[in-house]
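Trainee: Below: one structure in structure tokens.
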Amino acid sequence: MLTKEQLQQITELKSVCEKEGGFELKLNEDMLETRDGKSKEDFFHYEEGRLVGFLGCYGFGNKIEMTGMVHPDYRRKGIFTTLFGEAVAEVKKREISTILLNAPSPSQSAKEFLKSIPCTFEVAEYQMKWEAGELHDELSVIIRPSMSREDFEVEIQLEVACFGFTEQEARSFNHRMKELNNEDMFIIEAEGQTAGKIRVSETNGEAWIYGFAVSPELQGKGIGRKALSKVVKMETGKGLPVFLEVEARNAHALKLYESCGFRSYHSQDYYKYLG
């Protein structure tokens, strides 16, 4: 578990790097704040008591995402290379099949580092913010808290059907999400039938939507648009801006989000480590 001091140091370093680079770093603050301490996931480099380098690992099933940063004044000294080496050595102790390195698309320093390691471009991801749009409150679609064992099983099957998880990976991931209890989990019902799921994380004055899925056999019926509209209405009613992420190659989801009033404002690139 990270201390408040460590979290503050990460936040301060992130601010410096983002200001210098003109981009946003995806550090998954909600996950940093809820580390369980069961494995080493965060790597630090200090100079004279000052945090100047950081790398965090984020597990999703059998996949690990890594992202990090080095203070502009301390680059080209091998700091990130060292942090990355430590992280890879730790990950190799676990049953992980894929390591993805995450970097803001405009980051030149990230591109230079990526040239030095065996990796290949995997996918681009857009961060989107809800700007404007008509929010409908359709009675045929209901959003309710996920509470029962049956709800949990539905979530597992949706992870498998919509996100490519194995059942074991889905169970492990969802158990951890429920243990951390830092996100609100909802079941989507359409005309009395369980149709999908969605998670909402409220942190730092923002609402982020994750794990949004509608059963494949029920897609194309407008259920996703109605469910998303309900969630946006719920969160904006609290005075929170609403954000989500979508892979650039997922044209169907991208079109859905844009039709609901979401607009892309930033992108992240993912590279698969081949070492």
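Chain lettering (A, B, ...) mirrors the order of the structure tokens, residue numbering begins at 1 for each chain separately, and ligand numbering begins at 1 in order of display.
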Compile the contact shell of Gly59 (chain A) as a count of residues only: residues with an atom at most 9 Å away, counting only C-alpha atoms, same-chain residues fewer than 6 positions apart removed.

Mentor: 5

Trainee: Can you tell me which residues surround Glu90 (chain A) at a distance of at most 12 Å, considering only C-alpha atoms, apart from same-chain residues fewer than 6 positions away, and format the answer as a PDB file with C-alpha atoms, in the first residue's frame?

Mentor:
```
ATOM      1  CA  SER A  39       2.931  -7.801  -4.802  1.00  0.00           C
ATOM      2  CA  LYS A  40       5.452  -5.138  -5.789  1.00  0.00           C
ATOM      3  CA  GLU A  41       3.760  -2.955  -8.377  1.00  0.00           C
ATOM      4  CA  ASP A  42       5.381   0.457  -7.988  1.00  0.00           C
ATOM      5  CA  PHE A  43       8.998   1.462  -8.549  1.00  0.00           C
ATOM      6  CA  GLY A  56       3.588   1.751 -11.993  1.00  0.00           C
ATOM      7  CA  CYS A  57       2.241  -1.664 -13.005  1.00  0.00           C
ATOM      8  CA  ILE A  64       0.110  -6.001 -17.130  1.00  0.00           C
ATOM      9  CA  LEU A  83      12.913   1.202 -13.319  1.00  0.00           C
ATOM     10  CA  PHE A  84      11.645  -0.765 -16.312  1.00  0.00           C
ATOM     11  CA  ILE A  96       1.641 -12.842 -16.841  1.00  0.00           C
ATOM     12  CA  ILE A  99       3.233  -6.644 -20.885  1.00  0.00           C
TER      13      ILE A  99
END
```

Trainee: Would you mind listing what lies within 8 Å of Asn182 (chain A) as a PyMOL selection string, with only C-alpha atoms counted and same-chain residues fewer than 5 positions away left out?

Mentor: chain A and resi 30+34+177+201

Trainee: Write down as a PyMOL selection string the residues of region 94-163 of chain A whose backbone DSSP state falls under strand (DSSP E).

Mentor: chain A and resi 98-104+119-130+141-145

Trainee: Please report as JSON lines every residue of region 55-93 of chain A lying within 10 Å of region 152-166 of chain A, along with the nearest atom pair and their distance in Å (one decimal), using only C-alpha atoms.

Mentor:
```
{"residue": "A:Phe60", "atom": "CA", "partner": "A:Phe165", "partner_atom": "CA", "distance": 9.1}
{"residue": "A:Gly61", "atom": "CA", "partner": "A:Phe165", "partner_atom": "CA", "distance": 7.0}
{"residue": "A:Asn62", "atom": "CA", "partner": "A:Phe165", "partner_atom": "CA", "distance": 8.6}
{"residue": "A:Lys63", "atom": "CA", "partner": "A:Phe165", "partner_atom": "CA", "distance": 9.9}
```

Trainee: Suppose we keep all heavy atoms; can you now write the selection as an mmCIF file, in the first residue's frame?

Mentor:
```cif
data_model
loop_
_atom_site.group_PDB
_atom_site.id
_atom_site.type_symbol
_atom_site.label_atom_id
_atom_site.label_comp_id
_atom_site.auth_asym_id
_atom_site.auth_seq_id
_atom_site.Cartn_x
_atom_site.Cartn_y
_atom_site.Cartn_z
ATOM 1 N N PHE A 60 -4.520 -6.506 -15.307
ATOM 2 C CA PHE A 60 -5.853 -6.769 -15.852
ATOM 3 C C PHE A 60 -5.843 -8.202 -16.371
ATOM 4 O O PHE A 60 -5.418 -8.457 -17.502
ATOM 5 C CB PHE A 60 -6.186 -5.783 -16.975
ATOM 6 C CG PHE A 60 -6.162 -4.333 -16.558
ATOM 7 C CD1 PHE A 60 -5.013 -3.578 -16.707
ATOM 8 C CD2 PHE A 60 -7.272 -3.748 -15.977
ATOM 9 C CE1 PHE A 60 -4.970 -2.250 -16.314
ATOM 10 C CE2 PHE A 60 -7.249 -2.415 -15.577
ATOM 11 C CZ PHE A 60 -6.099 -1.666 -15.743
ATOM 12 N N GLY A 61 -6.295 -9.131 -15.538
ATOM 13 C CA GLY A 61 -6.226 -10.530 -15.918
ATOM 14 C C GLY A 61 -4.772 -10.963 -16.019
ATOM 15 O O GLY A 61 -3.970 -10.749 -15.111
ATOM 16 N N ASN A 62 -4.413 -11.594 -17.152
ATOM 17 C CA ASN A 62 -3.030 -12.039 -17.334
ATOM 18 C C ASN A 62 -2.195 -10.998 -18.083
ATOM 19 O O ASN A 62 -1.152 -11.309 -18.635
ATOM 20 C CB ASN A 62 -2.990 -13.385 -18.074
ATOM 21 C CG ASN A 62 -3.445 -13.248 -19.527
ATOM 22 O OD1 ASN A 62 -4.031 -12.245 -19.915
ATOM 23 N ND2 ASN A 62 -3.177 -14.268 -20.317
ATOM 24 N N LYS A 63 -2.688 -9.773 -18.096
ATOM 25 C CA LYS A 63 -2.016 -8.675 -18.782
ATOM 26 C C LYS A 63 -1.586 -7.615 -17.776
ATOM 27 O O LYS A 63 -2.315 -7.315 -16.830
ATOM 28 C CB LYS A 63 -2.965 -8.052 -19.816
ATOM 29 C CG LYS A 63 -2.411 -6.845 -20.543
ATOM 30 C CD LYS A 63 -3.436 -6.299 -21.524
ATOM 31 C CE LYS A 63 -4.616 -5.644 -20.800
ATOM 32 N NZ LYS A 63 -5.588 -5.055 -21.739
#
```

Trainee: Just the residues within 10 Å of region 69-77 of chain A, please, counting only C-alpha atoms, with nothing from its chain fewer than 5 positions along; format it as a list in words.

Mentor: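 My reading of the contact set: Ile10, Leu13, Lys14, Ser15, Val16, Cys17, Glu18, Glu20, Gly21, Leu25, Leu27, Phe44, His45, Glu47, Leu51, Val52, Gly53, Phe54, Leu55, Gly56, Thr82, Leu83, Ala103, Ser109, Ala110 and Phe113 of chain A.
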
Trainee: Give me, please, the distance in Å between CA of Lys226 (chain A) and CA of Gln268 (chain A), quoted to one decimal.

Mentor: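 Distance between the two atoms: 27.5 Å.
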
Trainee: Tell me, which residues of region 33-165 of chain A carry DSSP alpha helix (DSSP H), written as a VMD selection string?

Mentor: chain A and resid 79 to 91 108 to 115 149 to 163

Trainee: Could you check the closest approach to Gly275 (chain A) for each of A:Ser105, A:Thr67, A:Thr3, A:Thr98 and tell me which residue wins, using only C-alpha atoms?

Mentor: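 Going through A:Ser105, A:Thr67, A:Thr3, A:Thr98 one by one, the smallest distance to Gly275 (chain A) is for A:Thr98.
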